[in-house]
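**Q** Pasting a structure below so you can have a look.
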Amino acid sequence: MKMKEVRKLNDEEIGIEVARLRRRLFDLRSQVVTSKIEDTSQFGKTRTELARLLTEHRRRDLERGGAAARPRREGSRESRRDASLARRASTAGSTA
């Protein structure tokens with residue numbers, strides 16, 4: 001599915017396709033374990049298609065303003081870095 005086709009899908013159809021592709025990846029991993037996989041290139045093709053759908057979903061979410069307004073997660077790298085910099089700044093002034 002090309003990006004042009006993905007843009008034509010509505011939000012519900014994107015959700016259905018994402019679920020279908022995640023199930024497909026699960027099935028492919030199961031085939032690897034049971035040695036029944038014939039075309040290993042399907043992993044990459046499926047992941048690429050899934051990435052296209054998730055990218056479009058994210059783009060629409062940002063257009064609505066929903067995700068952009070979300071605060072950083074508490075345990076995210078950026079929030080830990082900001083907290084570390086704030087601690088350094090507060091202790092640097094007190095030791096001088």
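Lettering and numbering for the structure tokens are positional, with chains as A, B, ... in the shown order, residues counted from 1 in each chain, and ligands counted from 1 in the shown order.
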Quick one: pick out all alpha helix (DSSP H) residues within segment 32-66 of chain A from a backbone DSSP run and write them as a ChimeraX atom specification.

**A** /A:32-33,41-64

**Q** Using atom CA of Ala51 of chain A and atom CA of Lys8 of chain A as the two end points, give the distance in Å to one decimal.

**A**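 Straight-line distance from atom CA of Ala51 of chain A to atom CA of Lys8 of chain A works out to 16.0 Å.
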
**Q** Mind giving me the straight-line distance from atom CA of Val18 of chain A to atom CA of Lys4 of chain A in Å, one decimal?

**A** 16.4 Å

**Q** To one decimal place, how far is atom CA of Ser79 of chain A from atom CA of Ala92 of chain A in Å?

**A**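 Spanning atom CA of Ser79 of chain A to atom CA of Ala92 of chain A is a straight-line distance of 19.9 Å.
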